[in-house]
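Chemist: What follows is a structure written as structure tokens; I'll ask about it next.
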Amino acid sequence: MTSFGDLLGPNPTLLTGDDEAESDLLNKVDPAAVAAAHPTASIAWAYLAEAALENIVDDAHATQGYVTAYAFARTGYHRGLDQLRRHGWKGFGPVPWSHEPNQGFLRCVGALARAAQAIGEEDEYLRCLDLLNDSDPNAIGQLGLD
């Protein structure tokens, strides 16, 4: 039985993460520099996307901020999909939030959901919520999307 209680489902996918990128981010290295040095590290793109969302302070700059967040989040999402596939993920199955190296990918999906909703891309927003729910039902709450 998988840790998600599905007798027939695939085992959870556990990414290995990027120790250098994660260390740089914890040591307050500029996330843009980390993404440039480690472009496959979803966590760096998550930091950039979340910062773009947090830095929207007025309506005059909101569209630019949402589009920037969308682009960063989509990049991290695709880099995360590449990693998941290399770890045996077939497009479905658990990607647990509790496994910290998975959080970069899941945070990118969450930021993509927020940015998509903000620019009116409702279908993408709903796809992101479905992906998060399918990956780990706890992820939506952890990301404040509930």
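For the structure tokens, the naming scheme is as follows: chains receive sequential letters (A, B, ...) according to their order of presentation, residues are indexed from 1 within each chain, and ligands are indexed from 1 in presentation order.
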Please provide as a PyMOL selection string all residues within 8 Å of Tyr47 of chain A, with the sequence filter that same-chain residues fewer than 4 positions apart are discarded (counting only C-alpha atoms).

Modeler: chain A and resi 31+43+51

Chemist: Kindly save the residues from that selection, with C-alpha atoms included, as a PDB file, in the first residue's frame.

Modeler:
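Here's the written file selection-v7.pdb:
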ATOM      1  CA  PRO A  31      16.925  33.894  -6.209  1.00  0.00           C
ATOM      2  CA  ILE A  43      12.758  25.848  -5.745  1.00  0.00           C
ATOM      3  CA  ALA A  51       8.250  37.158  -4.732  1.00  0.00           C
TER       4      ALA A  51
END

Chemist: Looking only at the backbone, which of the residues in segment 49-107 of chain A does DSSP tag as helix (DSSP H, G or I), as number ranges by chain?

Modeler: A: 49-54, 59-86, 100-107

Chemist: Any chance you can output those residues with C-alpha atoms as a CSV table (one decimal), in the first residue's frame?

Modeler:
chain,number,residue,atom,x,y,z
A,49,ALA,CA,7.3,33.5,-8.6
A,50,GLU,CA,6.2,34.0,-5.0
A,51,ALA,CA,8.3,37.2,-4.7
A,52,ALA,CA,6.6,38.5,-7.9
A,53,LEU,CA,3.2,37.8,-6.4
A,54,GLU,CA,4.1,39.3,-3.0
A,59,ASP,CA,-3.4,47.9,-9.6
A,60,ALA,CA,-1.2,49.9,-12.0
A,61,HIS,CA,1.6,47.3,-11.8
A,62,ALA,CA,-0.6,44.2,-11.0
A,63,THR,CA,-0.8,42.8,-14.6
A,64,GLN,CA,3.0,43.0,-15.0
A,65,GLY,CA,3.5,41.3,-11.6
A,66,TYR,CA,1.1,38.5,-12.4
A,67,VAL,CA,2.5,37.9,-15.8
A,68,THR,CA,6.1,37.8,-14.3
A,69,ALA,CA,4.9,35.4,-11.6
A,70,TYR,CA,3.2,33.2,-14.2
A,71,ALA,CA,6.4,33.0,-16.3
A,72,PHE,CA,8.6,32.1,-13.3
A,73,ALA,CA,6.1,29.6,-12.0
A,74,ARG,CA,5.6,28.0,-15.4
A,75,THR,CA,9.3,27.6,-15.8
A,76,GLY,CA,9.7,26.0,-12.4
A,77,TYR,CA,6.7,23.8,-13.0
A,78,HIS,CA,8.2,22.5,-16.3
A,79,ARG,CA,11.6,21.9,-14.7
A,80,GLY,CA,9.8,20.0,-11.9
A,81,LEU,CA,7.9,17.9,-14.4
A,82,ASP,CA,11.3,17.0,-16.0
A,83,GLN,CA,12.6,15.9,-12.6
A,84,LEU,CA,9.5,14.0,-11.7
A,85,ARG,CA,9.7,12.0,-15.0
A,86,ARG,CA,13.4,11.2,-14.3
A,100,GLU,CA,10.9,18.7,1.3
A,101,PRO,CA,12.6,18.4,-2.2
A,102,ASN,CA,9.1,18.0,-3.7
A,103,GLN,CA,8.1,21.4,-2.4
A,104,GLY,CA,9.8,23.5,-5.0
A,105,PHE,CA,7.7,21.9,-7.7
A,106,LEU,CA,4.5,22.0,-5.7
A,107,ARG,CA,5.2,25.7,-4.7

Chemist: Got a sec: who's within 9 Å of Ala21 of chain A, counting only C-alpha atoms, leaving out chain neighbours fewer than 2 positions off, as an NGL selection string?

Modeler: :A and (17-19 or 23-26 or 31 or 34-35 or 37-38 or 41 or 43-44)

Chemist: What does the structure give for the distance between atom CA of His99 of chain A and atom CA of Ala118 of chain A, in Å to one decimal?

Modeler: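 Taking atom CA of His99 of chain A and atom CA of Ala118 of chain A, their separation equals 28.7 Å.
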
Chemist: Just give me the gap between atom CA of Asp136 of chain A and atom CA of Trp45 of chain A in Å, one decimal is fine.

Modeler: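 Atom CA of Trp45 of chain A lies 20.3 Å from atom CA of Asp136 of chain A.
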
Chemist: Which is closest to Gln142 of chain A among A:Gly88, A:Pro39, A:Gly9, A:Gly110, if we use only C-alpha atoms?

Modeler: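 Once distances to Gln142 of chain A are computed over only C-alpha atoms, the minimum belongs to A:Gly110.
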
Chemist: If we count only C-alpha atoms, what is near Pro94 of chain A at a cut-off of 12 Å, once residues fewer than 5 positions away on the same chain are taken out, given as a list in words?

Modeler: Thr2, Ser3, Phe4, Gly5, Asp6, Gly9, Pro10, Asn11, Pro12, Thr13, Leu14, Leu15, Leu84, Gly88, Trp89, His99, Asn102, Leu106, Leu131, Leu132, Asn133, Asp134, Ser135, Asp136, Pro137, Asn138 and Ala139 of chain A

Chemist: Between atom CA of Asp146 of chain A and atom CA of Phe92 of chain A, what is the distance in Å, rounded to a tenth?

Modeler: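 Here the two named atoms are 21.4 Å from each other.
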